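A.B. asks: The structure under discussion is supplied below as structure tokens; questions concerning it will follow.
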Amino acid sequence: MKKTTVKAFREMKGGRKLSMLTAYDASMARLLDGAGIDALLVGDSLGMVALGYDSTLPVTMEEMLHHAAAVSRGAERALVIGDMPFGSYQISPEQAVSNGIRFIKEGGCAAVKIEGGEEVCGTVRALVRAGVPVIGHIGLTPQTAGQLGGYKVQGKDLAAARKLLDDARALEAAGVFGLVLEAMPAQLAAVITEAVSMPTVGIGAGPHCDGQVLVIQDLLGLFEKFTPTFVKQYVNLAPEIKAAVQSYISEVESGAFPGPEHSFASKENFRALLSGA
Ligand code: KIV
């Protein structure tokens with residue numbers, strides 16, 4: 001299969017639906033890449049599903065780069081996108097460009113994602129001008145969830161829907177090559193998808209987007225704290241992992257593990273040879 005480039009991603013607008021998942025380490029990236037995923041997002045959801053924070057806000061650039069580099073080492077074909085964490089692009093376009101370049105050089109990413117609408121367009125322009133491809137993210141933006149009244153569906157009334165459509169158009173003009181639409185009515189996501197020339201990637205935004213993204217832990221049933229209603233859990237691995245670990249514990253305790261097939265034999269009689277050594 002051919003590598004998904006930013007250009008190839010952009011050209012998928014209106015064609016075959018794009019599939020995107022989050023990934024945070026090389027072994028998972030290798031599995032998802034091997035399964036044929038188009039794009040891997042090293043999301044700042046890292047903070048909640050892998051680092052044990054209560055929100056995405058504490059995640060640092062160093063943490064993101066550490067995991068982005070691991071994902072890039074595991075992915076051969078998928079487009080790897082680094083999520084710019086809270087505080088890494090809000091201070092100035094210069095700060096955003098410097099951190100965006102770090103995602104490319106140190107994280108091995110092909111592009112970055114930033115949250116926000118019209119207010120981040122100057123930053124998007126600066127990144128794109130510096131050669132850092134950007135995917136936007138509007139609707140429910142977890143980094144500013146506090147200002148949005150919590151983790152709630154956005155764009156439910158006409159004024160809010162119009163604002164999201166304006167944000168999408170402004171981001172398009174600023175040069176994003178794709179746009180994540182999170183937690184909004186399916187009909188609004190359809191209108192936005194028809195209005196812009198770059199692919200939209202939905203999460204809780206219905207079936208009319210050009211692609212879909214989910215957090216991998218949610219899809220696999222690995223994150224038990226909460227599951228958003230828009231998530232489809234394709235497999236529930238948490239109970240299977242617990243059962244496997246319980247079997248391991250009881251076999252260690254009973255001595256059933258390791259058996260001869262998991263142990264190294266030797267022709268030497270070390271007991272005799274080493275006695276008194
Ligand atoms: O951080 C993340 O995983 C995300 C996706 C859910 C879009 O932003």
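Quick note on naming: the chains in the structure tokens go A, B, ... in the order shown, residues restart at 1 in each chain, and ligands are numbered from 1 in order of appearance.
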Which residues of chain A have any atom within 10 Å of an atom in ligand 1 when counting only C-alpha atoms and all ligand atoms, and what is the closest pair of atoms for each, with the distance in Å to one decimal? Order the rows by chain and rising number and write it as a Markdown table.

C.D. replies:
```
| residue | atom | partner | partner_atom_place_in_ligand_line | distance |
| --- | --- | --- | --- | --- |
| A:Met20 | CA | ligand 1 | 7 (C) | 9.0 |
| A:Leu21 | CA | ligand 1 | 3 (O) | 8.1 |
| A:Thr22 | CA | ligand 1 | 3 (O) | 5.7 |
| A:Ala23 | CA | ligand 1 | 3 (O) | 8.4 |
| A:Tyr24 | CA | ligand 1 | 3 (O) | 9.7 |
| A:Leu40 | CA | ligand 1 | 3 (O) | 9.9 |
| A:Leu41 | CA | ligand 1 | 3 (O) | 6.8 |
| A:Val42 | CA | ligand 1 | 3 (O) | 6.9 |
| A:Gly43 | CA | ligand 1 | 1 (O) | 3.3 |
| A:Asp44 | CA | ligand 1 | 1 (O) | 4.0 |
| A:Ser45 | CA | ligand 1 | 1 (O) | 3.8 |
| A:Leu46 | CA | ligand 1 | 1 (O) | 6.8 |
| A:Gly47 | CA | ligand 1 | 1 (O) | 8.5 |
| A:Met48 | CA | ligand 1 | 1 (O) | 9.1 |
| A:Val49 | CA | ligand 1 | 3 (O) | 9.1 |
| A:Thr56 | CA | ligand 1 | 1 (O) | 7.6 |
| A:Gly82 | CA | ligand 1 | 1 (O) | 9.3 |
| A:Asp83 | CA | ligand 1 | 1 (O) | 6.6 |
| A:Met84 | CA | ligand 1 | 1 (O) | 9.1 |
| A:Pro85 | CA | ligand 1 | 1 (O) | 8.7 |
| A:Lys113 | CA | ligand 1 | 8 (O) | 8.0 |
| A:Ile114 | CA | ligand 1 | 8 (O) | 8.6 |
| A:Glu115 | CA | ligand 1 | 8 (O) | 8.0 |
| A:Gly136 | CA | ligand 1 | 7 (C) | 9.8 |
| A:His137 | CA | ligand 1 | 7 (C) | 7.4 |
| A:Ile138 | CA | ligand 1 | 7 (C) | 9.6 |
| A:Leu140 | CA | ligand 1 | 8 (O) | 9.4 |
| A:Thr141 | CA | ligand 1 | 8 (O) | 7.6 |
| A:Pro142 | CA | ligand 1 | 8 (O) | 7.4 |
| A:Gln143 | CA | ligand 1 | 8 (O) | 9.1 |
| A:Leu179 | CA | ligand 1 | 7 (C) | 9.7 |
| A:Val180 | CA | ligand 1 | 7 (C) | 6.3 |
| A:Leu181 | CA | ligand 1 | 7 (C) | 8.0 |
| A:Glu182 | CA | ligand 1 | 7 (C) | 6.9 |
| A:Ala183 | CA | ligand 1 | 6 (C) | 9.9 |
| A:Val201 | CA | ligand 1 | 7 (C) | 8.4 |
| A:Gly202 | CA | ligand 1 | 7 (C) | 8.1 |
| A:Ile203 | CA | ligand 1 | 7 (C) | 6.6 |
| A:Gly204 | CA | ligand 1 | 6 (C) | 9.5 |
| A:Gln212 | CA | ligand 1 | 7 (C) | 9.2 |
| A:Val213 | CA | ligand 1 | 7 (C) | 6.3 |
| A:Leu214 | CA | ligand 1 | 6 (C) | 6.0 |
| A:Val215 | CA | ligand 1 | 3 (O) | 5.5 |
| A:Ile216 | CA | ligand 1 | 3 (O) | 8.6 |
| A:Gln217 | CA | ligand 1 | 3 (O) | 10.0 |
```

A.B. asks: For segment 12-15 of chain A, find every residue with an atom within 12 Å (counting only C-alpha atoms), except residues of its own chain fewer than 2 positions away, and show them as a PyMOL selection string.

C.D. replies: chain A and resi 4-10+17-19+38+177-179+190+193-201+208-211

A.B. asks: Could you give me, as a tab-separated table (two decimals) with C-alpha atoms, in the first residue's frame, the residues within 10 Å of Gly108 of chain A, counting only C-alpha atoms and dropping anything in the same chain fewer than 4 positions from it?

C.D. replies:
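What landed in result.tsv:
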```tsv
chain	number	residue	atom	x	y	z
A	65	LEU	CA	7.12	14.52	21.26
A	68	ALA	CA	4.87	11.11	18.57
A	69	ALA	CA	8.38	9.83	17.83
A	70	ALA	CA	7.37	6.34	19.02
A	71	VAL	CA	4.26	6.33	16.79
A	72	SER	CA	6.31	7.56	13.81
A	73	ARG	CA	8.77	4.69	14.32
A	80	VAL	CA	1.15	10.69	11.40
A	81	ILE	CA	-0.33	13.88	12.87
A	82	GLY	CA	0.90	15.40	16.13
A	101	ILE	CA	8.60	22.37	13.61
A	102	ARG	CA	9.58	20.25	16.64
A	103	PHE	CA	6.68	17.86	15.82
A	104	ILE	CA	8.12	17.45	12.31
```

A.B. asks: Quick check for you: according to DSSP on this backbone, which residues of segment 69-162 of chain A are classed as helix (DSSP H, G or I)? Reply as JSON, numbers by chain.

C.D. replies: {"A": [69, 70, 71, 72, 73, 74, 93, 94, 95, 96, 97, 98, 99, 100, 101, 102, 103, 104, 105, 118, 119, 120, 121, 122, 123, 124, 125, 126, 127, 128, 129, 142, 143, 144, 158, 159, 160, 161, 162]}

A.B. asks: Rounded to one decimal, what separation in Å do you get between atom CA of Glu106 of chain A and atom CA of Val120 of chain A?

C.D. replies: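 Distance between the two atoms: 23.6 Å.
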
A.B. asks: Can you tell me how far atom CA of Pro207 of chain A sits from atom CA of Phe230 of chain A, in Å to one decimal?

C.D. replies: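 A separation of 11.3 Å between them.
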